[in-house]
Structures are given as C-alpha cells and as structure tokens.
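Coordinates from final14.cif are shown below (mmCIF, C-alpha atoms).
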```cif
data_upload
loop_
_atom_site.label_atom_id
_atom_site.label_comp_id
_atom_site.auth_asym_id
_atom_site.auth_seq_id
_atom_site.Cartn_x
_atom_site.Cartn_y
_atom_site.Cartn_z
CA MET Y 1 0.00 0.00 0.00
CA VAL Y 2 2.86 2.35 0.80
CA GLN Y 3 4.43 1.66 -2.60
CA ARG Y 4 1.12 2.27 -4.37
CA PHE Y 5 0.73 5.53 -2.43
CA LYS Y 6 4.20 6.69 -3.48
CA ALA Y 7 3.53 5.80 -7.12
CA SER Y 8 0.18 7.62 -7.06
CA ARG Y 9 1.71 10.80 -5.59
CA MET Y 10 4.52 10.78 -8.15
CA LYS Y 11 1.97 10.33 -10.93
CA ASP Y 12 0.18 13.44 -9.63
CA GLY Y 13 3.40 15.39 -10.14
CA ALA Y 14 4.50 15.64 -6.50
CA ALA Y 15 8.23 16.09 -5.93
CA ARG Y 16 10.11 13.39 -4.04
CA GLU Y 17 10.65 15.78 -1.13
CA THR Y 18 6.87 16.33 -0.97
CA VAL Y 19 6.19 12.59 -1.06
CA ASN Y 20 8.67 12.11 1.79
CA ASN Y 21 6.77 14.70 3.82
CA ASP Y 22 3.55 12.80 3.12
CA LEU Y 23 5.21 9.57 4.20
CA GLY Y 24 6.11 11.26 7.47
CA ALA Y 25 2.38 11.73 8.12
CA VAL Y 26 1.75 8.10 7.12
CA SER Y 27 4.42 7.05 9.60
CA VAL Y 28 2.69 8.93 12.42
CA LEU Y 29 -0.62 7.31 11.45
CA ALA Y 30 1.00 3.86 11.43
CA THR Y 31 2.36 4.40 14.93
CA PHE Y 32 -1.07 5.47 16.17
CA CYS Y 33 -2.73 2.41 14.61
CA LEU Y 34 -0.13 0.11 16.17
CA ASP Y 35 -0.52 1.67 19.62
CA SER Y 36 -4.30 1.44 19.30
CA GLY Y 37 -4.19 -2.24 18.40
CA LEU Y 38 -5.64 -1.61 14.94
CA ILE Y 39 -2.72 -3.30 13.14
CA PRO Y 40 -0.54 -6.22 14.33
CA SER Y 41 2.78 -4.70 13.24
CA ARG Y 42 4.16 -1.45 11.95
CA PRO Y 43 4.81 -1.42 8.18
CA LYS Y 44 8.22 -0.45 6.83
CA ILE Y 45 7.97 2.99 5.27
CA LYS Y 46 10.93 3.61 3.01
CA ARG Y 47 11.44 7.20 1.90
CA PHE Y 48 13.03 8.40 -1.31
CA LYS Y 49 16.69 9.35 -1.23
CA THR Y 50 16.78 13.03 -2.04
CA LYS Y 51 19.26 15.85 -2.38
CA VAL Y 52 18.90 19.58 -2.64
CA ARG Y 53 17.75 20.28 -6.18
CA ILE Y 54 17.17 23.73 -7.54
CA ARG Y 55 15.95 23.62 -11.11
CA TYR Y 56 14.65 26.87 -12.54
CA LEU Y 57 13.94 28.63 -15.83
CA GLU Y 58 15.89 31.49 -17.32
CA PRO Y 59 13.90 34.48 -18.68
CA ASP Y 60 13.90 33.28 -22.29
CA GLN Y 61 12.61 29.88 -21.18
CA VAL Y 62 9.84 31.52 -19.14
CA ARG Y 63 8.70 33.44 -22.21
CA LEU Y 64 8.66 30.30 -24.37
CA TYR Y 65 6.80 28.35 -21.70
CA MET Y 66 4.17 31.06 -21.20
CA ALA Y 67 3.60 31.34 -24.94
CA ALA Y 68 3.04 27.57 -25.12
CA LEU Y 69 0.34 27.54 -22.42
CA ARG Y 70 -3.28 27.60 -23.47
CA GLN Y 71 -5.29 30.56 -22.22
CA PRO Y 72 -7.48 28.80 -19.60
CA PHE Y 73 -4.35 27.61 -17.77
CA ARG Y 74 -2.21 30.72 -18.12
CA PRO Y 75 -3.42 32.69 -15.03
CA LEU Y 76 -2.63 29.74 -12.75
CA PHE Y 77 0.91 29.31 -14.06
CA GLN Y 78 1.49 33.07 -14.04
CA LEU Y 79 0.56 33.01 -10.36
CA LEU Y 80 2.98 30.15 -9.64
CA ILE Y 81 5.95 31.67 -11.48
CA GLY Y 82 5.21 35.24 -10.41
CA SER Y 83 4.70 34.64 -6.70
CA GLY Y 84 6.49 31.40 -5.84
CA MET Y 85 3.27 29.99 -4.40
CA ARG Y 86 2.84 26.25 -3.96
CA LEU Y 87 0.42 24.58 -6.36
CA GLY Y 88 -1.77 23.39 -3.50
CA GLU Y 89 -1.93 26.93 -2.12
CA ALA Y 90 -2.93 28.34 -5.51
CA GLU Y 91 -5.59 25.67 -5.97
CA SER Y 92 -7.18 26.54 -2.63
CA LEU Y 93 -7.42 30.28 -3.32
CA ARG Y 94 -10.88 31.85 -3.38
CA ALA Y 95 -11.90 35.18 -4.86
CA CYS Y 96 -12.29 36.61 -1.35
CA ASP Y 97 -8.67 35.70 -0.53
CA LEU Y 98 -7.31 38.29 -2.96
CA ARG Y 99 -6.64 41.95 -2.27
CA LEU Y 100 -6.20 43.58 -5.65
CA GLY Y 101 -5.93 47.31 -6.11
CA ASP Y 102 -3.67 50.28 -6.73
CA ASP Y 103 -2.21 50.25 -3.22
CA GLU Y 104 -1.69 46.53 -2.71
CA ASN Y 105 -1.83 43.22 -4.48
CA ARG Y 106 -1.89 40.38 -1.99
CA ALA Y 107 -3.14 36.82 -1.62
CA ILE Y 108 -4.14 35.53 1.80
CA ILE Y 109 -3.19 31.87 2.07
CA GLU Y 110 -4.95 29.79 4.69
CA HIS Y 111 -3.60 26.45 5.93
CA SER Y 112 -0.08 27.22 4.76
CA LYS Y 113 2.99 25.40 6.04
CA THR Y 114 4.08 28.34 8.19
CA VAL Y 115 4.00 28.18 11.99
CA SER Y 116 0.85 30.32 12.14
CA GLY Y 117 -0.84 28.33 9.37
CA ARG Y 118 -1.72 31.54 7.54
CA ARG Y 119 0.38 33.85 5.44
CA VAL Y 120 0.15 36.69 2.96
CA ALA Y 121 1.92 36.56 -0.40
CA PHE Y 122 2.72 39.60 -2.51
CA LEU Y 123 1.47 39.53 -6.12
CA PRO Y 124 3.32 41.46 -8.83
CA VAL Y 125 1.26 43.76 -11.05
CA TRP Y 126 1.37 41.46 -14.09
CA VAL Y 127 0.02 38.56 -12.03
CA ALA Y 128 -2.64 40.71 -10.34
CA GLY Y 129 -3.81 41.91 -13.76
CA ALA Y 130 -4.09 38.36 -15.08
CA LEU Y 131 -6.07 37.27 -12.02
CA THR Y 132 -8.39 40.27 -12.29
CA GLU Y 133 -9.20 39.39 -15.91
CA HIS Y 134 -9.64 35.74 -14.92
CA ILE Y 135 -12.12 36.65 -12.17
CA GLU Y 136 -14.09 39.07 -14.34
CA ALA Y 137 -14.30 36.67 -17.29
CA ARG Y 138 -15.70 33.91 -15.09
CA GLU Y 139 -17.76 36.22 -12.87
CA LEU Y 140 -16.18 34.82 -9.73
CA GLY Y 141 -16.78 36.25 -6.28
CA GLY Y 142 -16.99 35.48 -2.59
CA THR Y 143 -15.90 31.95 -1.77
CA ASP Y 144 -15.69 30.84 -5.42
CA ARG Y 145 -12.40 29.04 -6.04
CA LEU Y 146 -10.17 30.67 -8.63
CA PHE Y 147 -9.05 27.41 -10.21
CA THR Y 148 -11.16 24.27 -10.38
CA MET Y 149 -9.43 22.16 -13.05
CA PRO Y 150 -8.30 18.71 -11.85
CA ARG Y 151 -4.67 18.37 -10.74
CA ARG Y 152 -3.91 15.82 -13.46
CA THR Y 153 -5.30 18.15 -16.13
CA VAL Y 154 -2.98 20.88 -14.87
CA GLN Y 155 -0.08 18.42 -14.90
CA LYS Y 156 -0.79 17.42 -18.50
CA GLU Y 157 -0.89 21.07 -19.59
CA HIS Y 158 2.45 21.66 -17.89
CA GLN Y 159 3.97 18.67 -19.68
CA ARG Y 160 2.51 19.84 -22.98
CA ALA Y 161 3.87 23.39 -22.63
CA SER Y 162 7.26 22.14 -21.45
CA LYS Y 163 7.58 19.89 -24.49
CA ILE Y 164 6.71 22.72 -26.88
CA ALA Y 165 9.16 25.07 -25.15
CA GLY Y 166 11.94 22.45 -25.19
CA ILE Y 167 12.11 22.26 -21.39
CA HIS Y 168 13.04 18.91 -19.83
CA ASP Y 169 13.14 17.47 -16.30
CA TYR Y 170 11.20 20.40 -14.86
CA THR Y 171 8.19 19.95 -12.57
CA ILE Y 172 5.34 22.26 -11.64
CA HIS Y 173 6.90 22.63 -8.19
CA ASP Y 174 10.05 23.95 -9.88
CA HIS Y 175 8.09 27.11 -10.77
CA ARG Y 176 8.55 27.92 -7.10
CA HIS Y 177 12.32 27.68 -7.56
CA THR Y 178 12.12 29.90 -10.64
CA ALA Y 179 10.34 32.61 -8.66
CA ALA Y 180 12.74 32.32 -5.72
CA VAL Y 181 15.91 32.39 -7.83
CA HIS Y 182 14.90 35.49 -9.77
CA LEU Y 183 13.67 37.31 -6.65
CA ALA Y 184 17.02 36.54 -5.03
CA ARG Y 185 18.86 37.78 -8.13
CA ALA Y 186 16.82 40.97 -7.97
CA GLY Y 187 18.16 41.56 -4.46
CA LEU Y 188 15.08 40.80 -2.36
CA PRO Y 189 16.34 40.43 1.24
CA ILE Y 190 16.49 36.80 2.30
CA GLN Y 191 14.14 37.45 5.24
CA LEU Y 192 11.48 38.87 2.91
CA LEU Y 193 12.01 36.01 0.48
CA GLN Y 194 11.36 33.63 3.37
CA LYS Y 195 8.02 35.32 4.07
CA GLN Y 196 7.06 35.35 0.39
CA LEU Y 197 7.74 31.62 0.04
CA GLY Y 198 6.21 30.73 3.39
CA HIS Y 199 9.25 28.86 4.66
CA ALA Y 200 9.07 27.84 8.31
CA THR Y 201 12.80 28.45 8.81
CA ILE Y 202 15.39 30.76 7.25
CA ALA Y 203 17.58 27.70 6.59
CA GLN Y 204 15.15 26.60 3.87
CA THR Y 205 15.45 29.98 2.17
CA MET Y 206 19.25 30.14 2.37
CA ARG Y 207 19.48 27.59 -0.43
CA TYR Y 208 18.84 30.56 -2.75
CA ALA Y 209 21.58 32.70 -1.19
CA ASP Y 210 24.05 31.80 -3.94
CA PHE Y 211 21.81 33.65 -6.40
CA HIS Y 212 21.61 36.78 -4.24
CA PRO Y 213 24.02 39.61 -5.19
CA GLN Y 214 24.61 40.30 -1.50
CA TYR Y 215 25.85 36.75 -0.94
CA SER Y 216 27.21 35.63 -4.29
CA ASP Y 217 29.95 38.24 -4.69
CA LEU Y 218 31.98 37.66 -1.55
CA GLY Y 219 35.38 38.64 -2.94
CA SER Y 220 35.08 42.31 -2.04
CA TYR Y 221 34.42 41.47 1.62
CA PHE Y 222 37.52 39.32 1.85
CA GLU Y 223 39.56 42.01 0.14
CA THR Y 224 38.40 44.52 2.76
CA VAL Y 225 39.50 42.18 5.55
CA GLU Y 226 42.87 41.66 3.83
CA GLU Y 227 43.40 45.40 3.75
CA THR Y 228 42.45 45.63 7.43
CA PHE Y 229 45.04 42.99 8.26
CA GLY Y 230 47.56 44.74 6.03
CA LEU Y 231 47.90 41.62 3.94
CA ALA Y 232 46.49 42.87 0.65
CA GLN Y 233 49.34 42.38 -1.77
CA THR Y 234 50.22 40.54 -4.93
CA PRO Y 235 51.50 37.08 -4.00
CA HIS Y 236 55.14 36.42 -4.81
CA PHE Y 237 56.21 32.87 -5.55
CA SER Y 238 59.81 31.73 -5.68
CA PRO Y 239 60.76 29.96 -8.95
CA HIS Y 240 61.12 26.69 -7.05
CA LEU Y 241 57.66 26.98 -5.40
CA LYS Y 242 56.02 28.04 -8.66
CA GLU Y 243 57.58 25.03 -10.38
CA THR Y 244 56.31 22.75 -7.59
CA LEU Y 245 52.73 24.13 -7.82
CA GLU Y 246 52.67 23.72 -11.55
#
```
Conversion result in structure tokens:
Amino acid sequence: MVQRFKASRMKDGAARETVNNDLGAVSVLATFCLDSGLIPSRPKIKRFKTKVRIRYLEPDQVRLYMAALRQPFRPLFQLLIGSGMRLGEAESLRACDLRLGDDENRAIIEHSKTVSGRRVAFLPVWVAGALTEHIEARELGGTDRLFTMPRRTVQKEHQRASKIAGIHDYTIHDHRHTAAVHLARAGLPIQLLQKQLGHATIAQTMRYADFHPQYSDLGSYFETVEETFGLAQTPHFSPHLKETLE
C-alpha cells in the first residue's frame, strides 16, 4: 500500500521531497494504529533518497513556456511563477482571498505550512492583472475558487507546454524555484524572500543565497579584511615553489 501511495503521488506530479513529507504523516498514522491495536505490526515505510535540487527557468525559457500555455491555464501558471506559491496553495485560493488594487496586491493563504498556518503573499502587477481578468471573465466572487481544473489536467498542460518550449526534467513545483531564484537575483532580502515563500525556517530559504548579489559576490568582503590585516598584496612565488605548484 505504501508503494502504491508513493507511485500515485509521483503520478500526480508531486516532488520526491513532498512525497517524503507525506510519508512522514503516514508514519505517524501507522504508529497510532499500532498503539491502538488496529494493526498487528508497523509497516516499513521507506522514503526516497533526495538531495537539494534547484531547477529553474531562465527568462527566455519563461517566455517560451508562457507562450506555449493555453489561455485557460495561463493565469494559474502566471501566479505560480510570479509569486512562488505552492500549487496546493494556488488551488485553494478563493476570490475573497485576494486583495487587488492600486495600493496593494496580496493573496491571503490559509492552511499554509508556516508556523501560524496563515500567510500573505505579494502579487506582482502582471500577475494581479491576469487574475483580475480571470475573475471578471468567469464572474467569480466570494468563496468561489479561482481554479477548479483537476490536478492531473494541470499536470498534462504543464507537460505539454514544457515539451513545446523544449524544457526537460522540470516539474510544476520547480516554478517555485524559478520565482525564488529570480527574486534573489533581484536583491530581495532573504528574510522577505522567506516570508514570500512561506518557509518555516530561514535555513530553507538560504538555499537561494548563492543567487543573491549580496551573498554571491563575496570577494570584495575578503579584500576589505585583507586590507584591514595589512595583507592585501600581490602574492610572490619563488621559482622553485612556482615550479612545484605547476
């Protein structure tokens, strides 16, 4: 049953890290069932071996991907790439969860993975405009969900657009990485990026630090320290040492 569950989640497009999180919940349930006498023994729950993986799209790839999407799906994917929101969070959004206007463009996300269980995500103007048109065209309001297409239909559209755009080995969840990488490149402070992505800890957000101009160009800081120590000078190698290094 555990193997079938893993296969089903992967078929739905869930990343291995996400499936591992799900298996953690299954593990807790199994322990409860064992302690309650509902099962005779605890099943072995083997998680996927994973490593930190940051796969993202460059600007030209984003443009090709967006052009390949069919109109009914475009607002959803614009939201994912533009805000870094999780697919599950986007799917749960209702019209009343949005705050769209000249002064602010925000999405209130309930049941998020943050400590409080609720967070607010900033929406860029181009995403807010797409969502406004989407809501008006479908006459949505109140508690109407913004997106009602089945998850597998969304997954198939993603695969279709990726194939047309020549993009390989890239999941829907990777849109979150695309948003995070480009926000980091733009210089958004890591603490604000953490809030935007809804990470529970800053350690999760620091994986994007290498893309941040404040963190990626460290040479100048070391040069300043060298000057402070009075050690900033051109290295001089003796002929013998140079020959040894070569």
*Applied to this file, what does the PyMOL selection byres ((chain Y and resi 81) around 8) return in terms of residues, put as a ChimeraX atom specification?*
/Y:77-80,82-85,175-176,178-179
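Residues matched by the PyMOL selection byres ((chain Y and resi 93-96) around 6) in this file are Ala90, Glu91, Ser92, Asp97, Leu98, Gly141, Gly142, Thr143, Asp144, Arg145 and Leu146 of chain Y.
Within the file as shown, the PyMOL selection byres ((chain Y and resi 198) around 10) identifies Gly84, Met85, Arg86, Ile109, Ser112, Lys113, Thr114, Val115, Gly117, Arg118, Arg119, Val120, Ala121, Leu192, Leu193, Gln194, Lys195, Gln196, Leu197, His199, Ala200, Thr201, Ile202, Gln204 and Thr205 of chain Y.
Atom to atom, atom CA of Y:Lys163 and atom CA of Y:Met66 stand 12.1 Å apart.
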*When you draw a straight line from atom CA of Y:Leu123 to atom CA of Y:Gln214, how long is it in Å?*
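That distance, rounded to one decimal, is 23.6 Å.
Going from atom CA of Y:Val125 over to atom CA of Y:Asn105, you cover 7.3 Å.
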*asked:* Which polymer residues, whether protein, DNA or RNA, lie within 12 Å of the coordinate (17.5, 23.3, -6.1) when you count only C-alpha atoms? List them as a PyMOL selection string, using the chain letters and numbers from the file.
replied: chain Y and resi 15+17+50-57+170-171+173-178+180-181+204-211
Convert the current residue selection to file output with C-alpha atoms, as a short mmCIF file (atom, residue, chain, number, x, y, z; two decimals), in the frame of the given file.
```
data_model
loop_
_atom_site.label_atom_id
_atom_site.label_comp_id
_atom_site.auth_asym_id
_atom_site.auth_seq_id
_atom_site.Cartn_x
_atom_site.Cartn_y
_atom_site.Cartn_z
CA ALA Y 15 8.23 16.09 -5.93
CA GLU Y 17 10.65 15.78 -1.13
CA THR Y 50 16.78 13.03 -2.04
CA LYS Y 51 19.26 15.85 -2.38
CA VAL Y 52 18.90 19.58 -2.64
CA ARG Y 53 17.75 20.28 -6.18
CA ILE Y 54 17.17 23.73 -7.54
CA ARG Y 55 15.95 23.62 -11.11
CA TYR Y 56 14.65 26.87 -12.54
CA LEU Y 57 13.94 28.63 -15.83
CA TYR Y 170 11.20 20.40 -14.86
CA THR Y 171 8.19 19.95 -12.57
CA HIS Y 173 6.90 22.63 -8.19
CA ASP Y 174 10.05 23.95 -9.88
CA HIS Y 175 8.09 27.11 -10.77
CA ARG Y 176 8.55 27.92 -7.10
CA HIS Y 177 12.32 27.68 -7.56
CA THR Y 178 12.12 29.90 -10.64
CA ALA Y 180 12.74 32.32 -5.72
CA VAL Y 181 15.91 32.39 -7.83
CA GLN Y 204 15.15 26.60 3.87
CA THR Y 205 15.45 29.98 2.17
CA MET Y 206 19.25 30.14 2.37
CA ARG Y 207 19.48 27.59 -0.43
CA TYR Y 208 18.84 30.56 -2.75
CA ALA Y 209 21.58 32.70 -1.19
CA ASP Y 210 24.05 31.80 -3.94
CA PHE Y 211 21.81 33.65 -6.40
#
```
For Y:Val19, please output as an mmCIF file with C-alpha atoms, keeping the file's coordinate frame all residues within 8 Å (counting all atoms listed in the file; exclusion window: fewer than 6 positions along the same chain).
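Everything below was put into selection_9.cif:
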```
data_model
loop_
_atom_site.group_PDB
_atom_site.id
_atom_site.type_symbol
_atom_site.label_atom_id
_atom_site.label_comp_id
_atom_site.auth_asym_id
_atom_site.auth_seq_id
_atom_site.Cartn_x
_atom_site.Cartn_y
_atom_site.Cartn_z
ATOM 1 C CA LYS Y 6 4.200 6.690 -3.480
ATOM 2 C CA ARG Y 9 1.710 10.800 -5.590
ATOM 3 C CA MET Y 10 4.520 10.780 -8.150
#
```
*Hey, can you pull every residue with an atom no more than 12 Å from (-10.6, 40.6, -13.2), using all atoms listed in the file, and send it as a VMD selection string?*
chain Y and resid 75 95 98 to 101 127 to 141 146
_Shell of 10 Å around Y:Lys44, only C-alpha atoms, local chain residues under 5 positions omitted, as a count of residues only_ = 3
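With all atoms listed in the file as the atoms that count, the minimum distance from Y:Tyr215 to the choices Y:Gln159, Y:Ile164, Y:Glu58, Y:Leu188 is reached by Y:Leu188.
Checking Y:Leu34, Y:Asp169, Y:Ala203, Y:Ala68 one by one against Y:Gln191, counting only C-alpha atoms, you find the shortest gap at Y:Ala203.
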